[in-house]
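Asker: Pasting in a structure now, in structure tokens, and then I'll have a few things to ask.
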Amino acid sequence: MERYNFKKIEDKWQKFWEVNKVFKTKIDQNKQKFYCLEMFPYPSGKIHMGHVRNYTIGDVLSRFKTLKGFNVLHPMGWDSFGMPAENAAKQNNQDPKIWTENNIAVMKKQLKQLGLSIDWDREISTCSEEYYKHQQKFFIEMFNKGLVYKKENYVNWDPVDETVLANEQVIDGKGWRSGAIVERKKLSQWFFDISKFADDLQNDLNILDEWPNKVKVMQQNWIGKSFGCEIDFEVEGEPKISKIKCFTTRPDTLFGFSFLALSVDHPISEFYKNDPEFKSFKEKCSKTGTTEESIANAEKIGFKTNLLAKNPLDKNQTVPVYFANFVLMDYGFGAVFGCPAHDQRDFDFAKKYNLEIKTVVKPKDKLDNFKVTNEAYTGPGIIINSEFLNNLKVPEESITETIKILEDKKLGNKKINFRLKDWGVSRQRYWGCPIPILYDEKGNYIAAPEKHLPIKLPENINLNTKGNPLANIDEWKKVEINGKTYSRETDTLDTFVDSSWYFLRFCSPTNEEKPFDLDEINYWMPVDQYIGGVEHAILHLLYSRFFMRAIGYKNKDINIKEPFKGLFTQGMVCHETYKDNKNNWVNPDEVETKDGKNFFFKSDESNKISVGPSESMSKSKKNTVDPEKMIELYGADAVRLFILSDSPPEKDVQWSDTGMMAAYKFIQKLFSLSEKIRVIGNDEKKR
Ligand code: ANZ
């Protein structure tokens with residue numbers, strides 16, 4: 001009887017799916033459609049086990065739906081702009097394009113070895129001109145619709161790499177690559193007006209009933225809708241200003257007010273701009289970074305002004321006004337009233353500057369003389385020491401009641417604030433989509449005229465410059481239009497922009513004129529099942545939701561708001577971690593054990609290895625297993641079976657050689673059983 005020869009079998013499968021063109025999808029209006037999409041990979045070099053799991057899940061679903069008679073769209077592409085290409089190119093003196101294309105070729109071959117049911121005719125790559133030319137048109141369309149603007153803003157600045165870093169690239173206050181302490185720097189940047197849709201993005205989470213709840217909660221927190229009020233505080237002293245506006249979610253704590261704090265960028269700072277002490281204070285604040293986390297963890301510092309602020313509910317109470325490093329300019333109004341007893345930041349600040357800590361909320365089970373001493377009390381309870389607010393229940397009565405009083409007295413107004421900030425998309429990097437903007441000699445900017453598009457990235461340039469390489473290429477920067485000289489924008493777009501609409505491009509991947517054909521997206525969209533890692537829960541998924549709204553804004557033809565109907569976030573592929581006696585990580589390939597307890601180097605059995613906990617496979621910890629080697633050893637069927645069957649797809653899976661072997665043996669048995677049935681069947685027929 002024939003034995004299981006996986007190479008032969010997989011070859012057959014491959015032919016079945018590819019040659020029969022089951023997935024060469026055309027719109028068939030008589031069939032129900034199923035659009036299955038996995039997050040497309042960054043072509044870093046080779047595929048890893050995370051890809052294998054993600055794409056196998058999508059593959060199983062796509063095959064299942066195909067066999068059920070659906071018209072299935074299951075495409076694949078490459079998220080191919082980004083920093084690693086530029087860095088690798090710098091190190092190896094190679095063009096990022098060539099580096100990227102080589103990686104794509106290797107990874108495509110590997111994905112094909114897995115026998116995935118992908119429609120390769122629809123392959124796209126975001127670094128190709130055919131892709132990014134449409135993106136430049138989107139940018140201009142959004143610019144014309146007022147959804148793109150330029151403003152000066154504080155950014156995380158890496159002084160060594162001379163570039164802006166995203167919040168996620170700042171680790172413990174340092175640049176992820178250079179290790180330099182990140183500074184705050186004011187730069188003129190391009191922004192997408194994502195906050196325009198904040199309310200809509202938040203509300204529509206409710207209709208995404210095929211999304212994991214945890215992802216929706218993460219998005220909700222990120223959008224961060226806060227209910228509170230704006231209050232005008234009268235001020236006296238120098239400089240002469242009549243009012244300062246603050247946003248607060250806790251107006252009910254107004255009687256516990258003991259200072260008012262301003263961001264160093266608050267317009268009032270203009271009056272202090274020549275004061276050397278203020279300047280050095282501001283300089284000190286700039287070392288804090290811009291992330292909320294870094295601000296929260298930094299030591300609270302302040303600069304006292306000569307202003308006094310009055311409590312709107314008790315004009316006899318006046319408190320000092322400070323500039324403080326924990327107040328952000330781009331949240332609320334860049335000003336807060338400080339209530340140290342009920343806010344920890346205010347508490348830390350008050351301790352440092354010896355300000356009064358007046359308790360105005362007590363927990364229900366405590367006596368009226370309850371006093372905050374060691375840390376702020378932020379829990380529920382009853383209002384005390386607050387005249388006409390006394391005895392209100394916190395929070396259910398106290399906040400709305402106080403707002404009502406403030407509104408009646410015309411001292412404040414109800415206000416909803418969002419934590420979500422506009423999306424800064426400028427990157428001072430070469431390997432990205434050029435922003436299609438031109439500046440005249442006076443610095444006024446215009447969208448690049450249609451006939452100047454696409455703005456192509458120049459090739460074969462010197463990348464070993466500090467800062468943005470594009471800024472150094474004068475011949476690329478200069479353009480003439482009707483005898484007038486313009487200079488091109490040298491910033492490129494954040495690569496998250498590339499992945500914010502790729503799901504639309506898959507519907508019409510070869511359309512040269514348009515990013516997508518309306519009929520095609522009306523048929524295929526939304527994606528029925530999107531599959532990817534939970535690490536993209538906020539940024540990529542939120543940006544894509546925004547992009548869909550931005551495309552549909554002022555465009556009656558587009559009726560799709562949510563790009564992903566169903567979302568599935570798969571668990572990680574994990575492996576034990578190994579270290580040698582010098583504390584260096586060691587790859588599982590180099591390790592062996594005879595008794596499952598003691599581990600040694602394969603090459604040197606006297607050299608002991610210590611075993612650490614199983615963690616998500618990562619290059620940095622070297623606990624990776626190469627999919628290609630596994631396919632070579634056990635066949636794609638067995639690898640796919642193991643990665644899906646060992647634990648539910650939403651849970652982490654622990655990679656183990658014994659588990660892999662068991663999957664292989666199972667496939668052997670399954671094969672021989674089917675062979676037996678086939679032989680018996682043939683015998684029956686002969687009889
Ligand atoms: C007074 C107060 C008393 C506050 C109290 C809290 C507790 P969320 O919920 O995140 O919206 N705040 C307002 N603007 C700020 C800014 N630009 N930078 C830093 N902090 C700011 O937080 C709202 C609270 O954050 C506001 O309510 C304000 O402090 C502070 F016992 O006002 B609160």
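Going through the structure tokens in order, the chains are called A, B, and so on, while each chain numbers its residues from 1 and the ligands are numbered from 1 in the order shown.
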Which residues of region 409-463 of chain A come within 12 Å of region 543-550 of chain A, and for each one, what is the closest pair of atoms and their distance in Å to one decimal, counting only C-alpha atoms, sorted by chain and residue number, as a tab-separated table?
Answerer:
residue	atom	partner	partner_atom	distance
A:Leu420	CA	A:Tyr543	CA	11.5
A:Lys421	CA	A:Tyr543	CA	11.9
A:Asp422	CA	A:Tyr543	CA	10.7
A:Trp423	CA	A:Tyr543	CA	8.6
A:Gly424	CA	A:Tyr543	CA	11.5
A:Val425	CA	A:Tyr543	CA	11.1
Asker: Can you write just those residues out, all heavy atoms, as a PDB file, in the first residue's frame?
Answerer:
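Below you can see part.pdb, which holds the result:
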ATOM      1  N   LEU A 420      -8.646  60.865  21.802  1.00  0.00           N
ATOM      2  CA  LEU A 420      -8.096  60.601  20.471  1.00  0.00           C
ATOM      3  C   LEU A 420      -7.494  61.867  19.868  1.00  0.00           C
ATOM      4  O   LEU A 420      -8.147  62.899  19.808  1.00  0.00           O
ATOM      5  CB  LEU A 420      -9.241  60.105  19.570  1.00  0.00           C
ATOM      6  CG  LEU A 420      -8.878  59.725  18.154  1.00  0.00           C
ATOM      7  CD1 LEU A 420      -8.020  58.475  18.150  1.00  0.00           C
ATOM      8  CD2 LEU A 420     -10.142  59.474  17.328  1.00  0.00           C
ATOM      9  N   LYS A 421      -6.264  61.758  19.422  1.00  0.00           N
ATOM     10  CA  LYS A 421      -5.620  62.921  18.818  1.00  0.00           C
ATOM     11  C   LYS A 421      -5.582  62.732  17.311  1.00  0.00           C
ATOM     12  O   LYS A 421      -5.627  61.610  16.823  1.00  0.00           O
ATOM     13  CB  LYS A 421      -4.190  63.028  19.326  1.00  0.00           C
ATOM     14  CG  LYS A 421      -4.124  63.123  20.824  1.00  0.00           C
ATOM     15  CD  LYS A 421      -2.902  63.917  21.260  1.00  0.00           C
ATOM     16  CE  LYS A 421      -2.955  64.145  22.734  1.00  0.00           C
ATOM     17  NZ  LYS A 421      -2.547  62.974  23.498  1.00  0.00           N
ATOM     18  N   ASP A 422      -5.447  63.842  16.599  1.00  0.00           N
ATOM     19  CA  ASP A 422      -5.338  63.713  15.153  1.00  0.00           C
ATOM     20  C   ASP A 422      -4.079  62.924  14.820  1.00  0.00           C
ATOM     21  O   ASP A 422      -3.114  62.904  15.576  1.00  0.00           O
ATOM     22  CB  ASP A 422      -5.359  65.092  14.498  1.00  0.00           C
ATOM     23  CG  ASP A 422      -6.789  65.604  14.415  1.00  0.00           C
ATOM     24  OD1 ASP A 422      -7.703  64.772  14.572  1.00  0.00           O
ATOM     25  OD2 ASP A 422      -6.991  66.808  14.220  1.00  0.00           O
ATOM     26  N   TRP A 423      -4.147  62.287  13.683  1.00  0.00           N
ATOM     27  CA  TRP A 423      -3.111  61.323  13.302  1.00  0.00           C
ATOM     28  C   TRP A 423      -1.982  62.051  12.558  1.00  0.00           C
ATOM     29  O   TRP A 423      -2.185  62.521  11.433  1.00  0.00           O
ATOM     30  CB  TRP A 423      -3.788  60.261  12.443  1.00  0.00           C
ATOM     31  CG  TRP A 423      -2.919  59.216  11.840  1.00  0.00           C
ATOM     32  CD1 TRP A 423      -1.609  58.934  12.109  1.00  0.00           C
ATOM     33  CD2 TRP A 423      -3.310  58.271  10.837  1.00  0.00           C
ATOM     34  NE1 TRP A 423      -1.172  57.880  11.367  1.00  0.00           N
ATOM     35  CE2 TRP A 423      -2.189  57.459  10.580  1.00  0.00           C
ATOM     36  CE3 TRP A 423      -4.497  58.028  10.155  1.00  0.00           C
ATOM     37  CZ2 TRP A 423      -2.225  56.436   9.643  1.00  0.00           C
ATOM     38  CZ3 TRP A 423      -4.529  57.013   9.225  1.00  0.00           C
ATOM     39  CH2 TRP A 423      -3.405  56.218   8.971  1.00  0.00           C
ATOM     40  N   GLY A 424      -0.843  62.143  13.190  1.00  0.00           N
ATOM     41  CA  GLY A 424       0.329  62.767  12.564  1.00  0.00           C
ATOM     42  C   GLY A 424       0.938  61.782  11.583  1.00  0.00           C
ATOM     43  O   GLY A 424       1.389  60.721  11.984  1.00  0.00           O
ATOM     44  N   VAL A 425       0.910  62.124  10.300  1.00  0.00           N
ATOM     45  CA  VAL A 425       1.335  61.144   9.290  1.00  0.00           C
ATOM     46  C   VAL A 425       2.678  61.469   8.646  1.00  0.00           C
ATOM     47  O   VAL A 425       3.139  60.735   7.787  1.00  0.00           O
ATOM     48  CB  VAL A 425       0.258  60.965   8.190  1.00  0.00           C
ATOM     49  CG1 VAL A 425      -0.980  60.283   8.755  1.00  0.00           C
ATOM     50  CG2 VAL A 425      -0.118  62.299   7.549  1.00  0.00           C
TER      51      VAL A 425
END
Asker: Pick out the residues no farther than 9 Å from ligand 1, counting only C-alpha atoms and all ligand atoms, and list them as a PyMOL selection string.
Answerer: chain A and resi 224-229+246-254+256-257+261-263+292+325-346+360-361+376-378+416-419
Asker: Contacts of Asn581 (chain A) at 8 Å or less, counting only C-alpha atoms, minus same-chain residues fewer than 4 places along, as number ranges by chain?
Answerer: A: 608-610
Asker: Go ahead and save the residues from that selection, with all heavy atoms, as a short mmCIF file (atom, residue, chain, number, x, y, z; two decimals), in the first residue's frame.
Answerer:
data_model
loop_
_atom_site.label_atom_id
_atom_site.label_comp_id
_atom_site.auth_asym_id
_atom_site.auth_seq_id
_atom_site.Cartn_x
_atom_site.Cartn_y
_atom_site.Cartn_z
N LYS A 608 25.98 23.41 29.44
CA LYS A 608 24.58 23.38 29.87
C LYS A 608 23.79 24.62 29.41
O LYS A 608 24.34 25.71 29.29
CB LYS A 608 24.53 23.29 31.40
CG LYS A 608 23.59 22.21 31.85
CD LYS A 608 23.48 22.08 33.33
CE LYS A 608 22.08 21.55 33.53
NZ LYS A 608 21.63 21.23 34.76
N ILE A 609 22.51 24.39 29.20
CA ILE A 609 21.61 25.47 28.78
C ILE A 609 20.56 25.64 29.87
O ILE A 609 20.03 24.65 30.38
CB ILE A 609 20.88 25.06 27.48
CG1 ILE A 609 21.86 24.85 26.33
CG2 ILE A 609 19.76 26.00 27.12
CD1 ILE A 609 22.20 26.07 25.54
N SER A 610 20.25 26.88 30.23
CA SER A 610 19.15 27.04 31.19
C SER A 610 17.86 27.36 30.42
O SER A 610 17.87 28.08 29.41
CB SER A 610 19.47 28.12 32.21
OG SER A 610 19.72 29.32 31.57
#
Asker: Would you mind telling me which residue in A:Glu236, A:Glu86, A:Glu356, A:Glu129 lies nearest to Glu512 (chain A) when using only C-alpha atoms?
Answerer: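 Result for the nearest residue to Glu512 (chain A): A:Glu129.
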Asker: Got a sec: who's within 10 Å of Gly379 (chain A), counting only C-alpha atoms, leaving out chain neighbours fewer than 6 positions off, as a list in words?
Answerer: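 In the requested form, the answer reads His342, Val361, Lys362, Pro363, Lys364, Val394 and Pro395 of chain A.
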Asker: Using only C-alpha atoms, which residues sit within 8 Å of Arg429 (chain A) once same-chain residues fewer than 3 positions away are excluded, as a ChimeraX atom specification?
Answerer: /A:83,163,432,467-470,491-492
Asker: Please report, as a tab-separated table, each residue of region 527-607 of chain A lying at most 6 Å from region 623-638 of chain A, together with the nearest pair of atoms and the separation in Å rounded to one decimal; use only C-alpha atoms, and order rows by chain and ascending residue number.
Answerer:
residue	atom	partner	partner_atom	distance
A:His575	CA	A:Asn623	CA	5.9
A:Thr577	CA	A:Asn623	CA	5.5
A:Asn587	CA	A:Asn623	CA	5.5
Asker: From region 95-226 of chain A, collect each residue whose DSSP state is alpha helix (DSSP H) and return the set as a PyMOL selection string.
Answerer: chain A and resi 96-113+129-144+198-203+213-223
Asker: Those selected residues, please, written with C-alpha atoms and delivered as a PDB file, in the first residue's frame.
Answerer:
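Resulting contents of selection_21.pdb:
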ATOM      1  CA  PRO A  96      15.630  49.442  -0.187  1.00  0.00           C
ATOM      2  CA  LYS A  97      13.575  48.523  -3.235  1.00  0.00           C
ATOM      3  CA  ILE A  98      15.837  45.638  -4.170  1.00  0.00           C
ATOM      4  CA  TRP A  99      16.093  44.508  -0.560  1.00  0.00           C
ATOM      5  CA  THR A 100      12.289  44.537  -0.300  1.00  0.00           C
ATOM      6  CA  GLU A 101      11.686  42.790  -3.616  1.00  0.00           C
ATOM      7  CA  ASN A 102      14.138  40.037  -2.748  1.00  0.00           C
ATOM      8  CA  ASN A 103      12.402  39.457   0.555  1.00  0.00           C
ATOM      9  CA  ILE A 104       9.026  39.357  -1.155  1.00  0.00           C
ATOM     10  CA  ALA A 105      10.261  36.692  -3.562  1.00  0.00           C
ATOM     11  CA  VAL A 106      11.543  34.509  -0.703  1.00  0.00           C
ATOM     12  CA  MET A 107       8.419  34.903   1.412  1.00  0.00           C
ATOM     13  CA  LYS A 108       6.078  34.285  -1.484  1.00  0.00           C
ATOM     14  CA  LYS A 109       7.860  31.032  -2.222  1.00  0.00           C
ATOM     15  CA  GLN A 110       7.516  30.048   1.430  1.00  0.00           C
ATOM     16  CA  LEU A 111       3.805  30.891   1.531  1.00  0.00           C
ATOM     17  CA  LYS A 112       3.320  28.810  -1.595  1.00  0.00           C
ATOM     18  CA  GLN A 113       5.016  25.880   0.130  1.00  0.00           C
ATOM     19  CA  GLU A 129       4.158  52.935  -7.809  1.00  0.00           C
ATOM     20  CA  GLU A 130       0.895  51.309  -9.003  1.00  0.00           C
ATOM     21  CA  TYR A 131      -0.229  51.268  -5.396  1.00  0.00           C
ATOM     22  CA  TYR A 132       1.077  54.485  -3.916  1.00  0.00           C
ATOM     23  CA  LYS A 133       0.012  56.620  -6.853  1.00  0.00           C
ATOM     24  CA  HIS A 134      -3.587  56.034  -5.765  1.00  0.00           C
ATOM     25  CA  GLN A 135      -2.669  56.823  -2.202  1.00  0.00           C
ATOM     26  CA  GLN A 136      -1.329  60.203  -3.277  1.00  0.00           C
ATOM     27  CA  LYS A 137      -4.670  60.864  -4.944  1.00  0.00           C
ATOM     28  CA  PHE A 138      -6.468  59.948  -1.720  1.00  0.00           C
ATOM     29  CA  PHE A 139      -4.248  62.366   0.136  1.00  0.00           C
ATOM     30  CA  ILE A 140      -5.146  65.188  -2.237  1.00  0.00           C
ATOM     31  CA  GLU A 141      -8.817  64.277  -2.117  1.00  0.00           C
ATOM     32  CA  MET A 142      -8.704  64.404   1.676  1.00  0.00           C
ATOM     33  CA  PHE A 143      -6.735  67.653   1.552  1.00  0.00           C
ATOM     34  CA  ASN A 144      -9.450  69.175  -0.657  1.00  0.00           C
ATOM     35  CA  ALA A 198     -14.274  60.391  17.063  1.00  0.00           C
ATOM     36  CA  ASP A 199     -17.896  60.164  18.112  1.00  0.00           C
ATOM     37  CA  ASP A 200     -18.862  58.079  15.109  1.00  0.00           C
ATOM     38  CA  LEU A 201     -15.888  55.739  15.553  1.00  0.00           C
ATOM     39  CA  GLN A 202     -16.869  55.258  19.161  1.00  0.00           C
ATOM     40  CA  ASN A 203     -20.613  54.776  18.567  1.00  0.00           C
ATOM     41  CA  ASN A 213     -15.028  42.477  22.939  1.00  0.00           C
ATOM     42  CA  LYS A 214     -11.513  43.113  24.187  1.00  0.00           C
ATOM     43  CA  VAL A 215     -10.616  44.871  20.938  1.00  0.00           C
ATOM     44  CA  LYS A 216     -13.692  47.068  21.124  1.00  0.00           C
ATOM     45  CA  VAL A 217     -12.849  48.000  24.707  1.00  0.00           C
ATOM     46  CA  MET A 218      -9.290  48.886  23.671  1.00  0.00           C
ATOM     47  CA  GLN A 219     -10.574  51.115  20.880  1.00  0.00           C
ATOM     48  CA  GLN A 220     -13.077  52.689  23.195  1.00  0.00           C
ATOM     49  CA  ASN A 221     -10.348  53.558  25.703  1.00  0.00           C
ATOM     50  CA  TRP A 222      -8.130  54.901  22.972  1.00  0.00           C
ATOM     51  CA  ILE A 223     -10.867  57.139  21.598  1.00  0.00           C
TER      52      ILE A 223
END
Asker: A:Asn369, A:Ser188, A:Ser178, A:Thr510: which is nearest Asp121 (chain A), counting only C-alpha atoms?
Answerer: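 Residue with the minimum atom-to-atom distance to Asp121 (chain A): A:Thr510.
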Asker: Using only C-alpha atoms, determine which residues lie at most 12 Å from His51 (chain A), disregarding the query and same-chain residues fewer than 2 positions distant; provide the list as JSON, numbers by chain.
Answerer: {"A": [38, 39, 40, 41, 42, 43, 44, 46, 47, 48, 49, 53, 54, 55, 56, 57, 58, 59, 76, 107, 108, 110, 111, 114, 116, 531, 532, 533, 570, 571, 572, 573, 617, 626, 627, 628, 640, 643]}
